[in-house]
>>> print(open('target.json').read())   # JSON, C-alpha atoms
[["chain", "number", "residue", "atom", "x", "y", "z"],
["Y", 279, "ASP", "CA", 4.01, 14.52, 14.92],
["Y", 280, "GLY", "CA", 4.32, 10.77, 14.52],
["Y", 281, "GLY", "CA", 4.74, 9.35, 11.06],
["Y", 282, "ILE", "CA", 6.92, 7.94, 8.33],
["Y", 283, "THR", "CA", 9.30, 10.07, 6.33],
["Y", 284, "GLN", "CA", 10.93, 9.21, 3.04],
["Y", 285, "SER", "CA", 13.62, 11.22, 1.40],
["Y", 286, "PRO", "CA", 14.15, 12.51, -1.11],
["Y", 287, "LYS", "CA", 10.76, 12.91, -2.83],
["Y", 288, "TYR", "CA", 12.34, 12.78, -6.29],
["Y", 289, "LEU", "CA", 15.63, 11.09, -7.15],
["Y", 290, "PHE", "CA", 17.48, 10.94, -10.44],
["Y", 291, "ARG", "CA", 20.36, 8.59, -11.19],
["Y", 292, "LYS", "CA", 22.39, 7.39, -14.10],
["Y", 293, "GLU", "CA", 22.18, 3.76, -15.13],
["Y", 294, "GLY", "CA", 24.79, 1.62, -13.40],
["Y", 295, "GLN", "CA", 24.82, 3.59, -10.15],
["Y", 296, "ASN", "CA", 23.59, 2.28, -6.84],
["Y", 297, "VAL", "CA", 21.19, 4.54, -4.96],
["Y", 298, "THR", "CA", 19.86, 4.42, -1.40],
["Y", 299, "LEU", "CA", 16.35, 5.50, -0.44],
["Y", 300, "SER", "CA", 15.74, 6.61, 3.12],
["Y", 301, "CYS", "CA", 12.81, 5.58, 5.33],
["Y", 302, "GLU", "CA", 12.42, 6.68, 8.95],
["Y", 303, "GLN", "CA", 9.51, 6.17, 11.35],
["Y", 304, "ASN", "CA", 8.83, 7.48, 14.84],
["Y", 305, "LEU", "CA", 5.71, 5.38, 15.44],
["Y", 306, "ASN", "CA", 7.63, 2.78, 17.46],
["Y", 307, "HIS", "CA", 6.48, 0.12, 14.99],
["Y", 308, "ASP", "CA", 8.35, -3.17, 14.92],
["Y", 309, "ALA", "CA", 7.71, -4.05, 11.28],
["Y", 310, "MET", "CA", 8.77, -2.10, 8.21],
["Y", 311, "TYR", "CA", 8.23, -2.72, 4.50],
["Y", 312, "TRP", "CA", 9.37, -1.55, 1.09],
["Y", 313, "TYR", "CA", 7.08, -1.61, -1.92],
["Y", 314, "ARG", "CA", 7.46, -0.75, -5.54],
["Y", 315, "GLN", "CA", 4.60, 0.77, -7.53],
["Y", 316, "ASP", "CA", 4.47, 0.90, -11.33],
["Y", 317, "PRO", "CA", 1.77, 2.66, -13.37],
["Y", 318, "GLY", "CA", -1.49, 0.75, -13.47],
["Y", 319, "GLN", "CA", -0.31, -1.86, -11.00],
["Y", 320, "GLY", "CA", -0.82, -2.51, -7.36],
["Y", 321, "LEU", "CA", 2.02, -2.46, -4.87],
["Y", 322, "ARG", "CA", 4.60, -5.20, -4.95],
["Y", 323, "LEU", "CA", 6.60, -6.12, -1.86],
["Y", 324, "ILE", "CA", 10.38, -5.84, -2.15],
["Y", 325, "TYR", "CA", 11.63, -6.53, 1.40],
["Y", 326, "TYR", "CA", 10.21, -6.49, 4.88],
["Y", 327, "SER", "CA", 11.57, -6.56, 8.39],
["Y", 328, "GLN", "CA", 9.66, -7.61, 11.49],
["Y", 329, "ILE", "CA", 12.44, -6.89, 13.97],
["Y", 330, "VAL", "CA", 15.77, -5.11, 14.16],
["Y", 331, "ASN", "CA", 18.68, -6.94, 12.49],
["Y", 332, "ASP", "CA", 16.33, -9.25, 10.60],
["Y", 333, "PHE", "CA", 14.65, -8.93, 7.22],
["Y", 334, "GLN", "CA", 13.08, -11.14, 4.56],
["Y", 335, "LYS", "CA", 12.76, -11.01, 0.80],
["Y", 336, "GLY", "CA", 9.43, -10.10, -0.65],
["Y", 337, "ASP", "CA", 8.10, -10.94, -4.08],
["Y", 338, "ILE", "CA", 10.56, -8.86, -6.12],
["Y", 339, "ALA", "CA", 13.79, -8.63, -4.09],
["Y", 340, "GLU", "CA", 16.23, -9.18, -6.96],
["Y", 341, "GLY", "CA", 18.44, -6.13, -7.50],
["Y", 342, "TYR", "CA", 17.59, -4.60, -4.12],
["Y", 343, "SER", "CA", 19.17, -4.72, -0.66],
["Y", 344, "VAL", "CA", 18.13, -3.46, 2.78],
["Y", 345, "SER", "CA", 19.42, -3.13, 6.32],
["Y", 346, "ARG", "CA", 17.65, -2.80, 9.67],
["Y", 347, "GLU", "CA", 20.22, -1.66, 12.20],
["Y", 348, "LYS", "CA", 17.78, 0.57, 14.09],
["Y", 349, "LYS", "CA", 14.10, 0.12, 14.84],
["Y", 350, "GLU", "CA", 13.19, 3.46, 13.28],
["Y", 351, "SER", "CA", 15.19, 3.13, 10.05],
["Y", 352, "PHE", "CA", 14.91, 0.80, 7.04],
["Y", 353, "PRO", "CA", 16.94, 2.07, 4.07],
["Y", 354, "LEU", "CA", 16.58, 0.49, 0.64],
["Y", 355, "THR", "CA", 19.45, 0.30, -1.85],
["Y", 356, "VAL", "CA", 18.59, -0.06, -5.51],
["Y", 357, "THR", "CA", 21.61, -1.68, -7.09],
["Y", 358, "SER", "CA", 22.82, -1.62, -10.66],
["Y", 359, "ALA", "CA", 21.59, -5.21, -10.95],
["Y", 360, "GLN", "CA", 17.96, -4.04, -10.88],
["Y", 361, "LYS", "CA", 16.96, -4.07, -14.54],
["Y", 362, "ASN", "CA", 14.06, -1.62, -14.39],
["Y", 363, "PRO", "CA", 14.61, 0.61, -11.38],
["Y", 364, "THR", "CA", 12.48, 3.56, -12.47],
["Y", 365, "ALA", "CA", 9.39, 3.45, -10.24],
["Y", 366, "PHE", "CA", 7.62, 4.94, -7.24],
["Y", 367, "TYR", "CA", 8.92, 3.45, -3.99],
["Y", 368, "LEU", "CA", 6.82, 3.35, -0.85],
["Y", 369, "CYS", "CA", 7.90, 2.53, 2.68],
["Y", 370, "ALA", "CA", 5.44, 1.37, 5.33],
["Y", 371, "SER", "CA", 5.42, 0.27, 8.94],
["Y", 372, "SER", "CA", 3.05, -1.61, 11.23],
["Y", 373, "ILE", "CA", 2.56, -2.92, 14.72],
["Y", 374, "LYS", "CA", 1.92, -6.63, 14.98],
["Y", 375, "GLY", "CA", -1.59, -7.99, 14.72],
["Y", 376, "ALA", "CA", -3.00, -7.17, 11.28],
["Y", 377, "SER", "CA", -3.85, -3.63, 12.25],
["Y", 378, "GLY", "CA", -2.84, -2.32, 8.86],
["Y", 379, "GLN", "CA", 0.27, -0.63, 7.56],
["Y", 380, "TYR", "CA", 1.04, 3.07, 7.59],
["Y", 381, "PHE", "CA", 2.74, 4.49, 4.53],
["Y", 382, "GLY", "CA", 5.26, 7.20, 3.88],
["Y", 383, "PRO", "CA", 4.86, 9.77, 1.09],
["Y", 384, "GLY", "CA", 7.04, 7.83, -1.35],
["Y", 385, "THR", "CA", 10.16, 8.45, -3.42],
["Y", 386, "ARG", "CA", 9.97, 8.64, -7.20],
["Y", 387, "LEU", "CA", 13.19, 7.23, -8.67],
["Y", 388, "THR", "CA", 14.11, 7.90, -12.26],
["Y", 389, "VAL", "CA", 17.11, 6.14, -13.78],
["Y", 390, "THR", "CA", 18.33, 7.18, -17.21],
["I", 22, "ALA", "CA", -3.94, -18.74, -0.94],
["I", 23, "GLN", "CA", -5.00, -15.20, -0.27],
["I", 24, "SER", "CA", -5.88, -12.89, -3.14],
["I", 25, "VAL", "CA", -7.99, -9.85, -3.87],
["I", 26, "THR", "CA", -9.72, -8.77, -7.06],
["I", 27, "GLN", "CA", -10.91, -5.28, -7.75],
["I", 28, "LEU", "CA", -13.61, -5.64, -10.33],
["I", 29, "ASP", "CA", -13.31, -2.20, -11.95],
["I", 30, "SER", "CA", -10.11, -0.48, -13.00],
["I", 31, "HIS", "CA", -11.94, 2.84, -13.50],
["I", 32, "VAL", "CA", -15.14, 4.27, -12.02],
["I", 33, "SER", "CA", -16.62, 7.63, -12.96],
["I", 34, "VAL", "CA", -19.35, 9.40, -11.01],
["I", 35, "SER", "CA", -20.84, 12.85, -10.80],
["I", 36, "GLU", "CA", -20.33, 14.95, -7.72],
["I", 37, "GLY", "CA", -23.10, 14.28, -5.21],
["I", 38, "THR", "CA", -23.95, 10.79, -6.51],
["I", 39, "PRO", "CA", -23.15, 7.51, -4.73],
["I", 40, "VAL", "CA", -19.82, 5.73, -5.07],
["I", 41, "LEU", "CA", -19.42, 1.94, -5.26],
["I", 42, "LEU", "CA", -15.98, 0.36, -5.63],
["I", 43, "ARG", "CA", -16.11, -3.42, -5.80],
["I", 44, "CYS", "CA", -13.70, -5.89, -4.24],
["I", 45, "ASN", "CA", -13.77, -9.67, -3.95],
["I", 46, "TYR", "CA", -11.30, -11.64, -1.90],
["I", 47, "SER", "CA", -10.12, -15.20, -1.58],
["I", 48, "SER", "CA", -8.77, -16.46, 1.70],
["I", 49, "SER", "CA", -8.26, -19.81, 3.34],
["I", 50, "TYR", "CA", -8.93, -18.34, 6.78],
["I", 51, "SER", "CA", -10.78, -15.38, 8.30],
["I", 52, "PRO", "CA", -9.01, -12.44, 6.72],
["I", 53, "SER", "CA", -8.39, -8.88, 7.73],
["I", 54, "LEU", "CA", -9.36, -6.53, 4.92],
["I", 55, "PHE", "CA", -8.49, -2.92, 4.24],
["I", 56, "TRP", "CA", -9.21, -0.11, 1.84],
["I", 57, "TYR", "CA", -6.48, 2.42, 1.12],
["I", 58, "VAL", "CA", -6.64, 5.62, -0.91],
["I", 59, "GLN", "CA", -3.80, 7.16, -2.89],
["I", 60, "HIS", "CA", -3.85, 10.66, -4.33],
["I", 61, "PRO", "CA", -1.44, 11.37, -7.23],
["I", 62, "ASN", "CA", 2.22, 11.13, -6.25],
["I", 63, "LYS", "CA", 1.34, 10.53, -2.62],
["I", 64, "GLY", "CA", 1.62, 7.67, -0.19],
["I", 65, "LEU", "CA", -1.31, 5.46, 0.73],
["I", 66, "GLN", "CA", -3.77, 6.46, 3.43],
["I", 67, "LEU", "CA", -5.79, 3.90, 5.37],
["I", 68, "LEU", "CA", -9.52, 4.49, 4.80],
["I", 69, "LEU", "CA", -10.92, 1.65, 6.88],
["I", 70, "LYS", "CA", -10.26, -1.89, 8.07],
["I", 71, "TYR", "CA", -12.22, -5.03, 8.86],
["I", 72, "THR", "CA", -10.75, -7.32, 11.51],
["I", 73, "SER", "CA", -13.61, -9.73, 12.35],
["I", 74, "ALA", "CA", -15.63, -7.36, 14.49],
["I", 75, "ALA", "CA", -18.67, -5.59, 13.00],
["I", 76, "THR", "CA", -19.28, -6.49, 9.36],
["I", 77, "LEU", "CA", -20.18, -2.90, 8.45],
["I", 78, "VAL", "CA", -17.07, -0.80, 8.82],
["I", 79, "LYS", "CA", -17.06, 2.97, 8.83],
["I", 80, "GLY", "CA", -13.98, 4.84, 7.73],
["I", 81, "ILE", "CA", -12.76, 8.33, 7.18],
["I", 82, "ASN", "CA", -14.24, 10.90, 4.79],
["I", 83, "GLY", "CA", -17.70, 9.28, 4.84],
["I", 84, "PHE", "CA", -16.64, 5.95, 3.32],
["I", 85, "GLU", "CA", -17.83, 2.60, 4.57],
["I", 86, "ALA", "CA", -17.49, -1.04, 3.55],
["I", 87, "GLU", "CA", -19.44, -4.18, 4.30],
["I", 88, "PHE", "CA", -17.81, -7.55, 4.80],
["I", 89, "LYS", "CA", -19.97, -10.28, 3.24],
["I", 90, "LYS", "CA", -18.51, -13.70, 3.88],
["I", 91, "SER", "CA", -21.12, -15.53, 1.78],
["I", 92, "GLU", "CA", -20.21, -13.41, -1.23],
["I", 93, "THR", "CA", -16.50, -13.05, -0.35],
["I", 94, "SER", "CA", -16.89, -9.33, -0.98],
["I", 95, "PHE", "CA", -15.76, -6.13, 0.69],
["I", 96, "HIS", "CA", -17.20, -3.33, -1.42],
["I", 97, "LEU", "CA", -16.45, 0.31, -0.61],
["I", 98, "THR", "CA", -19.29, 2.83, -0.71],
["I", 99, "LYS", "CA", -19.98, 6.49, -0.09],
["I", 100, "PRO", "CA", -23.45, 8.08, -0.30],
["I", 101, "SER", "CA", -22.34, 11.28, -2.01],
["I", 102, "ALA", "CA", -19.13, 11.80, -3.94],
["I", 103, "HIS", "CA", -17.01, 14.90, -3.53],
["I", 104, "MET", "CA", -14.49, 16.24, -6.00],
["I", 105, "SER", "CA", -11.73, 15.57, -3.46],
["I", 106, "ASP", "CA", -12.55, 11.83, -3.56],
["I", 107, "ALA", "CA", -10.93, 11.52, -6.98],
["I", 108, "ALA", "CA", -8.00, 9.17, -6.39],
["I", 109, "GLU", "CA", -6.80, 5.57, -6.67],
["I", 110, "TYR", "CA", -8.34, 3.09, -4.24],
["I", 111, "PHE", "CA", -6.78, -0.21, -3.23],
["I", 112, "CYS", "CA", -8.49, -3.19, -1.63],
["I", 113, "VAL", "CA", -6.06, -5.18, 0.48],
["I", 114, "VAL", "CA", -6.09, -8.51, 2.33],
["I", 115, "THR", "CA", -3.63, -9.80, 4.89],
["I", 116, "LEU", "CA", -1.42, -12.73, 3.98],
["I", 117, "GLY", "CA", -1.64, -13.99, 7.54],
["I", 118, "MET", "CA", 0.70, -16.72, 8.73],
["I", 119, "GLY", "CA", 1.87, -14.61, 11.65],
["I", 120, "THR", "CA", 2.90, -11.62, 9.59],
["I", 121, "ASP", "CA", 1.31, -8.33, 8.66],
["I", 122, "LYS", "CA", 2.14, -8.86, 5.01],
["I", 123, "LEU", "CA", -0.49, -7.45, 2.68],
["I", 124, "ILE", "CA", -1.79, -8.54, -0.69],
["I", 125, "PHE", "CA", -2.89, -5.57, -2.82],
["I", 126, "GLY", "CA", -5.50, -5.38, -5.51],
["I", 127, "THR", "CA", -4.57, -3.65, -8.74],
["I", 128, "GLY", "CA", -6.51, -0.54, -7.80],
["I", 129, "THR", "CA", -9.59, 1.36, -8.96],
["I", 130, "ARG", "CA", -9.23, 4.88, -10.24],
["I", 131, "LEU", "CA", -12.19, 7.02, -9.19],
["I", 132, "GLN", "CA", -13.03, 10.06, -11.30],
["I", 133, "VAL", "CA", -15.53, 12.61, -10.02],
["I", 134, "PHE", "CA", -17.13, 14.99, -12.49],
["I", 135, "PRO", "CA", -18.71, 18.32, -11.48]]
>>> encode(input="target.json", output="structure tokens")
Amino acid sequence: DGGITQSPKYLFRKEGQNVTLSCEQNLNHDAMYWYRQDPGQGLRLIYYSQIVNDFQKGDIAEGYSVSREKKESFPLTVTSAQKNPTAFYLCASSIKGASGQYFGPGTRLTVT
Amino acid sequence: AQSVTQLDSHVSVSEGTPVLLRCNYSSSYSPSLFWYVQHPNKGLQLLLKYTSAATLVKGINGFEAEFKKSETSFHLTKPSAHMSDAAEYFCVVTLGMGTDKLIFGTGTRLQVFP
């Protein structure tokens, strides 16, 4: 089955630790995205990548980093510099042409 | 600049009655518009999309939306609500400028009562 997978579904970390969230897609999509969702808010774009080995900051990139070494993979690292890392993180991918984005099931990160 | 406003943060309906979720957009060009649904602790699922073809767009699960340029609206409707429709719904517009970047509304939580 084609789709987007995110792992793990739930993640717990201590404050001050970096943590990496996985996102893999087998849809052969060129573009991939990371969003953060907080209660009662819409999605906010963290980073996006339109092609391998290239990525751009979104609206809230501070405290996050990404890499895009393979077309199917776009991992997100939440660094200790992110002041409020506890949130629901969603990965998405798309083909070019405003056809819409397809989302993974999300990872809920809790930092204590 | 592109933006989207969802006019209701919460909507409650009884099972079997019509659903109306309201969305207004602002765009400096002809936009692509989407509705997504999110069930608790799940990812977002694409319900339907408007990309400058027919103004009445039919989606999955009996939902449809009508693009009205004169009113800058893209309201989501369903003739008869089902309990399984209870979820968060997001109206979304493309940023454009050669990317597929999306601008999300703040969401409308739909409750369906038996």
>>> residues_around(input="target.json", residues="range 284-296 of chain Y", least_positions_apart="6", cutoff="6 Å", atoms="only C-alpha atoms", output="JSON, numbers by chain")
{"Y": [356, 357, 358, 385, 386, 387, 388, 389, 390]}
>>> residues_around(input="target.json", residues="Ser51 in chain I", least_positions_apart="5", cutoff="10 Å", atoms="all atoms listed in the file", output="NGL selection string")
:I and (72-73 or 90 or 115 or 117)
>>> residues_near_point(input="target.json", point="(-15.9, 12.5, -12.7)", cutoff="6 Å", atoms="all atoms listed in the file", output="MDAnalysis selection string")
chainID I and resid 33:35 132:134
>>> residues_around(input="target.json", residues="Thr283 in chain Y", least_positions_apart="6", cutoff="9 Å", atoms="only C-alpha atoms", output="JSON, numbers by chain")
{"Y": [300, 301, 302, 303, 304, 369, 381, 382, 383, 384]}
>>> interface_residues(input="target.json", of="chain I", to="chain Y", cutoff="9 Å", atoms="all atoms listed in the file", output="PyMOL selection string")
chain I and resi 30+53-55+62-67+70+72+111+115+117+119-128
>>> write_last_selection(input="target.json", atoms="C-alpha atoms", output="CSV table (one decimal), in the frame of the given file")
chain,number,residue,atom,x,y,z
I,30,SER,CA,-10.1,-0.5,-13.0
I,53,SER,CA,-8.4,-8.9,7.7
I,54,LEU,CA,-9.4,-6.5,4.9
I,55,PHE,CA,-8.5,-2.9,4.2
I,62,ASN,CA,2.2,11.1,-6.2
I,63,LYS,CA,1.3,10.5,-2.6
I,64,GLY,CA,1.6,7.7,-0.2
I,65,LEU,CA,-1.3,5.5,0.7
I,66,GLN,CA,-3.8,6.5,3.4
I,67,LEU,CA,-5.8,3.9,5.4
I,70,LYS,CA,-10.3,-1.9,8.1
I,72,THR,CA,-10.8,-7.3,11.5
I,111,PHE,CA,-6.8,-0.2,-3.2
I,115,THR,CA,-3.6,-9.8,4.9
I,117,GLY,CA,-1.6,-14.0,7.5
I,119,GLY,CA,1.9,-14.6,11.6
I,120,THR,CA,2.9,-11.6,9.6
I,121,ASP,CA,1.3,-8.3,8.7
I,122,LYS,CA,2.1,-8.9,5.0
I,123,LEU,CA,-0.5,-7.4,2.7
I,124,ILE,CA,-1.8,-8.5,-0.7
I,125,PHE,CA,-2.9,-5.6,-2.8
I,126,GLY,CA,-5.5,-5.4,-5.5
I,127,THR,CA,-4.6,-3.6,-8.7
I,128,GLY,CA,-6.5,-0.5,-7.8
>>> closest_residue(input="target.json", among="Y:Leu305, Y:Tyr313, Y:Ile282, Y:Glu350", to="Ile338 in chain Y", atoms="all atoms listed in the file")
Y:Tyr313
>>> atom_distance(input="target.json", atom1="CA of Tyr57 in chain I", atom2="CA of Val40 in chain I")
15.1 Å
>>> residues_around(input="target.json", residues="Val330 in chain Y", least_positions_apart="6", cutoff="7 Å", atoms="all atoms listed in the file", output="PDB file with C-alpha atoms, in the frame of the given file")
ATOM      1  CA  ARG Y 346      17.650  -2.800   9.670  1.00  0.00           C
ATOM      2  CA  GLU Y 347      20.220  -1.660  12.200  1.00  0.00           C
ATOM      3  CA  LYS Y 348      17.780   0.570  14.090  1.00  0.00           C
ATOM      4  CA  LYS Y 349      14.100   0.120  14.840  1.00  0.00           C
TER       5      LYS Y 349
END
>>> decode(input="target.json", residues="range 75-108 of chain I", atoms="N, CA and C atoms", output="compact mmCIF listing (two decimals), in the first residue's frame")
# COMPACT_ATOMS: atom_id res chain seq x y z
N ALA I 75 -14.90 22.65 -12.02
CA ALA I 75 -16.28 22.87 -11.60
C ALA I 75 -16.34 23.54 -10.25
N THR I 76 -17.26 24.48 -10.08
CA THR I 76 -17.33 25.22 -8.82
C THR I 76 -17.97 24.40 -7.70
N LEU I 77 -18.78 23.41 -8.05
CA LEU I 77 -19.34 22.51 -7.04
C LEU I 77 -18.48 21.25 -7.03
N VAL I 78 -17.86 21.02 -5.89
CA VAL I 78 -16.90 19.92 -5.78
C VAL I 78 -17.47 18.85 -4.86
N LYS I 79 -17.46 17.63 -5.34
CA LYS I 79 -17.92 16.52 -4.51
C LYS I 79 -16.73 15.77 -3.93
N GLY I 80 -16.84 15.42 -2.66
CA GLY I 80 -15.75 14.73 -2.01
C GLY I 80 -16.17 13.37 -1.48
N ILE I 81 -15.37 12.90 -0.56
CA ILE I 81 -15.66 11.58 0.02
C ILE I 81 -16.69 11.70 1.13
N ASN I 82 -17.29 10.57 1.47
CA ASN I 82 -18.22 10.47 2.60
C ASN I 82 -19.44 11.40 2.46
N GLY I 83 -19.83 11.73 1.24
CA GLY I 83 -21.03 12.53 1.01
C GLY I 83 -20.87 14.03 1.18
N PHE I 84 -19.66 14.50 1.42
CA PHE I 84 -19.43 15.94 1.55
C PHE I 84 -19.27 16.60 0.19
N GLU I 85 -19.65 17.87 0.13
CA GLU I 85 -19.40 18.67 -1.04
C GLU I 85 -19.17 20.12 -0.63
N ALA I 86 -18.57 20.89 -1.52
CA ALA I 86 -18.29 22.30 -1.25
C ALA I 86 -18.48 23.08 -2.54
N GLU I 87 -18.91 24.33 -2.39
CA GLU I 87 -19.13 25.18 -3.55
C GLU I 87 -18.22 26.39 -3.48
N PHE I 88 -17.46 26.58 -4.55
CA PHE I 88 -16.58 27.73 -4.67
C PHE I 88 -17.40 28.90 -5.19
N LYS I 89 -17.47 29.99 -4.40
CA LYS I 89 -18.19 31.19 -4.81
C LYS I 89 -17.21 32.36 -4.82
N LYS I 90 -16.76 32.71 -6.01
CA LYS I 90 -15.76 33.76 -6.12
C LYS I 90 -16.30 35.10 -5.65
N SER I 91 -17.55 35.39 -5.97
CA SER I 91 -18.13 36.70 -5.61
C SER I 91 -18.23 36.86 -4.10
N GLU I 92 -18.35 35.76 -3.39
CA GLU I 92 -18.46 35.82 -1.93
C GLU I 92 -17.15 35.39 -1.25
N THR I 93 -16.17 35.05 -2.01
CA THR I 93 -14.88 34.49 -1.53
C THR I 93 -15.13 33.43 -0.46
N SER I 94 -16.03 32.50 -0.79
CA SER I 94 -16.38 31.46 0.17
C SER I 94 -16.17 30.08 -0.42
N PHE I 95 -16.03 29.12 0.47
CA PHE I 95 -15.85 27.72 0.08
C PHE I 95 -16.43 26.86 1.21
N HIS I 96 -17.72 26.97 1.40
CA HIS I 96 -18.39 26.28 2.51
C HIS I 96 -18.53 24.79 2.24
N LEU I 97 -18.41 24.01 3.30
CA LEU I 97 -18.51 22.55 3.23
C LEU I 97 -19.90 22.13 3.71
N THR I 98 -20.54 21.26 2.97
CA THR I 98 -21.88 20.82 3.35
C THR I 98 -22.02 19.31 3.23
N LYS I 99 -23.02 18.79 3.94
CA LYS I 99 -23.41 17.40 3.83
C LYS I 99 -24.89 17.32 4.17
N PRO I 100 -25.69 16.64 3.36
CA PRO I 100 -27.14 16.65 3.57
C PRO I 100 -27.59 16.02 4.88
N SER I 101 -26.86 14.99 5.32
CA SER I 101 -27.31 14.25 6.49
C SER I 101 -26.10 13.79 7.30
N ALA I 102 -25.99 14.30 8.51
CA ALA I 102 -24.82 13.98 9.33
C ALA I 102 -24.90 12.57 9.89
N HIS I 103 -23.71 11.98 10.01
CA HIS I 103 -23.58 10.66 10.62
C HIS I 103 -22.68 10.80 11.82
N MET I 104 -22.87 9.91 12.79
CA MET I 104 -22.06 9.98 14.00
C MET I 104 -20.56 9.97 13.67
N SER I 105 -20.19 9.21 12.65
CA SER I 105 -18.77 9.09 12.29
C SER I 105 -18.19 10.37 11.69
N ASP I 106 -19.05 11.37 11.42
CA ASP I 106 -18.56 12.65 10.89
C ASP I 106 -17.97 13.54 11.97
N ALA I 107 -18.17 13.20 13.22
CA ALA I 107 -17.63 14.01 14.31
C ALA I 107 -16.11 14.03 14.23
N ALA I 108 -15.55 15.22 14.05
CA ALA I 108 -14.11 15.37 13.83
C ALA I 108 -13.79 16.85 13.74
